[in-house]
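Okay, structure first, notes after.
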Amino acid sequence: MTDNDNIIDIPSLQWYPGHMRKAERLVKENLKLVDVVVELLDARIPMSSANPVLREIVGGKPRLIVLNKADLADETMTRAWVKYFAWQGITAVPVDAVKGRGVKELVQAIAKCAKPKTDKLVQHGAKARAARCMILGIPNVGKSSLINRLSGGTKTKVENRPGVTRAKQWIRLGAQLELLDMPGILWPKFEDQQAALHLAFTGAINDNVYDVAGVVLLLLDTLRTKYPVVLSERFRLEGELPSGVMLLEEIGRKRGCLRAGGKINYEKTEQIILTDFRSGRFGRITLDVLPTDSST
Ligand code: G4P
């Protein structure tokens, strides 16, 4: 990242302390029902999309990570993130919940992760039963998409509003595995400004709660620094890329985002840039870099 010091203010949406406590309580209640928790992270931002207190909430319960939206992330970086988590003793599985890539591997990994617990139950004289797991993650990370995928396409409406309770249902995945059809919805790292910015870039935070113009300029700045060729090719820009508003205007002109009198339509240009980035039209990009303490 370059000059993201002039950071944006992203309010905490609907996540007030009361909501956070309630969400945490709901997750804790459901934790008792499962053998493994499956934490969904966005493969483009594995750090920024993590919940700041998940480790505390989950305690000693076996945990597995899904690097979802892997189809939008840089493959080399995803492999590095998988290694990083392995180094921490956590299995991470890259998944595309929309197309279903990685889902088979995920089911196998969950079963493996739960095995010590289910084997132990049997050793203690209990009847053998399927491993049970639940899915946790911040809004928009792909929880309902993954549950739908795992359940073979049965529509699952997942409510993002914190504190929503529903009758518990289990989705059977073969004879060995059961998934709680009620994801735990957790809050992201709003306090961490860099994380908040990455959440805004990727669309994890609703656009109407922050200054879109400021965020787009920072996204352009990031792309210009890290992926100048990608940016030039996408918008057919020639020569050295200008910075700041001049770059935005250049893209606006190239895209024909003009108002009467030839003035740039900034809002339209900003929307094009955000949509292109979020849908992967710039290519596969990972924004979060590995922590420096990793041995990958
Ligand atoms: P949530 O339950 O965690 O809140 O997330 P949800 O499954 O609703 O997914 C949020 C958005 O992310 C959806 O797009 C969904 O299609 C997309 N998505 C989920 N998993 C993946 C993935 O692995 N790859 C890609 N590329 N996209 C993914 P949307 O535009 O909000 O809705 P829709 O129009 O696609 O239904």
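Labels used: A, B, ... for chains in the order of the structure tokens, numbers from 1 for residues in each chain, and numbers from 1 for ligands as shown.
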* To do: May I ask you to write as an MDAnalysis selection string all residues lying at most 9 Å from ligand 1, with only C-alpha atoms and all ligand atoms counted?
  => chainID A and resid 40 42:43 67:72 94:101 136:148 157:160 183 185 203:204 278:280
Determine, counting only C-alpha atoms, which protein, DNA and RNA residues have an atom within 7 Å of an atom of region 53-62 of chain A; residues of the same chain fewer than 2 positions away are not included. Present the result as a short mmCIF file (atom, residue, chain, number, x, y, z; two decimals) with N, CA, C and O atoms, in the first residue's frame.
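Result file selection25.cif:
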```cif
data_model
loop_
_atom_site.label_atom_id
_atom_site.label_comp_id
_atom_site.auth_asym_id
_atom_site.auth_seq_id
_atom_site.Cartn_x
_atom_site.Cartn_y
_atom_site.Cartn_z
N LYS A 28 -21.54 -18.80 20.27
CA LYS A 28 -21.12 -19.65 21.38
C LYS A 28 -22.15 -20.74 21.65
O LYS A 28 -21.80 -21.88 21.91
N ASP A 35 -18.56 -30.10 16.18
CA ASP A 35 -17.21 -30.61 16.45
C ASP A 35 -16.14 -29.72 15.83
O ASP A 35 -15.02 -29.66 16.31
N VAL A 36 -16.52 -29.06 14.74
CA VAL A 36 -15.55 -28.25 13.99
C VAL A 36 -16.22 -26.94 13.57
O VAL A 36 -17.38 -26.93 13.20
N VAL A 37 -15.46 -25.84 13.65
CA VAL A 37 -15.98 -24.60 13.07
C VAL A 37 -15.22 -24.29 11.78
O VAL A 37 -14.00 -24.45 11.71
N ASN A 51 -12.58 -12.10 11.64
CA ASN A 51 -13.17 -11.46 12.81
C ASN A 51 -12.08 -11.28 13.87
O ASN A 51 -11.30 -12.20 14.12
N LEU A 64 -11.23 -24.75 10.98
CA LEU A 64 -10.74 -24.94 9.61
C LEU A 64 -11.08 -23.67 8.83
O LEU A 64 -12.12 -23.06 9.06
N CYS A 113 -10.76 -33.19 10.11
CA CYS A 113 -10.57 -32.31 11.27
C CYS A 113 -11.43 -32.78 12.46
O CYS A 113 -11.03 -32.64 13.62
#
```
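Here CA of Val215 (chain A) is placed at a distance of 14.2 Å from CA of Lys268 (chain A).
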* Can you list, as a ChimeraX atom specification, every protein, DNA or RNA residue that comes within 12 Å of Asp119 (chain A) when you count only C-alpha atoms, leaving out same-chain residues fewer than 4 positions away? -> /A:35,111-115,123-131,176
Written selection (C-alpha atoms) as a PDB file, in the first residue's frame:
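Contents of again_12.pdb, freshly written:
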```
ATOM      1  CA  ASP A  35     -17.212 -30.614  16.452  1.00  0.00           C
ATOM      2  CA  ALA A 111     -14.287 -34.828   8.151  1.00  0.00           C
ATOM      3  CA  LYS A 112     -10.558 -35.222   8.829  1.00  0.00           C
ATOM      4  CA  CYS A 113     -10.574 -32.312  11.272  1.00  0.00           C
ATOM      5  CA  ALA A 114     -13.523 -33.770  13.226  1.00  0.00           C
ATOM      6  CA  LYS A 115     -12.210 -37.333  13.296  1.00  0.00           C
ATOM      7  CA  GLN A 123     -13.844 -44.974  22.297  1.00  0.00           C
ATOM      8  CA  HIS A 124     -15.846 -43.724  25.264  1.00  0.00           C
ATOM      9  CA  GLY A 125     -18.689 -46.012  24.361  1.00  0.00           C
ATOM     10  CA  ALA A 126     -20.960 -43.615  22.431  1.00  0.00           C
ATOM     11  CA  LYS A 127     -22.701 -44.648  19.235  1.00  0.00           C
ATOM     12  CA  ALA A 128     -20.797 -43.571  16.109  1.00  0.00           C
ATOM     13  CA  ARG A 129     -22.260 -40.407  14.675  1.00  0.00           C
ATOM     14  CA  ALA A 130     -21.576 -38.010  11.819  1.00  0.00           C
ATOM     15  CA  ALA A 131     -19.156 -35.139  12.406  1.00  0.00           C
ATOM     16  CA  GLN A 176     -19.972 -38.770   7.735  1.00  0.00           C
TER      17      GLN A 176
END
```
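Using only C-alpha atoms for every distance, the candidate list A:Val212, A:Ile110, A:Leu180, A:Leu258 yields A:Leu180 as the residue closest to Ile135 (chain A).
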* Please indicate the distance in Å from CA of Pro46 (chain A) to CA of Asp288 (chain A), rounded to one decimal place. =>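 One can read the CA of Pro46 (chain A) to CA of Asp288 (chain A) distance as 6.6 Å.
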* Identify, with DSSP run on backbone atoms, the residues in region 109-155 of chain A assigned to helix (DSSP H, G or I), and express the list as a PyMOL selection string. => chain A and resi 109-123+143-150
* Test item: residues at most 9 Å from region 250-252 of chain A, only C-alpha atoms, excluding those fewer than 3 positions along its chain, as an MDAnalysis selection string -> chainID A and resid 235:237 242 245:247 255:258 264:266 268:270 272:273
* Asked: From the set A:Lys117, A:His19, A:Arg224, A:Arg259, which residue has the shortest atom-to-atom contact distance to Glu240 (chain A), counting only C-alpha atoms?
  ->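 Once distances to Glu240 (chain A) are computed over only C-alpha atoms, the minimum belongs to A:Arg224.
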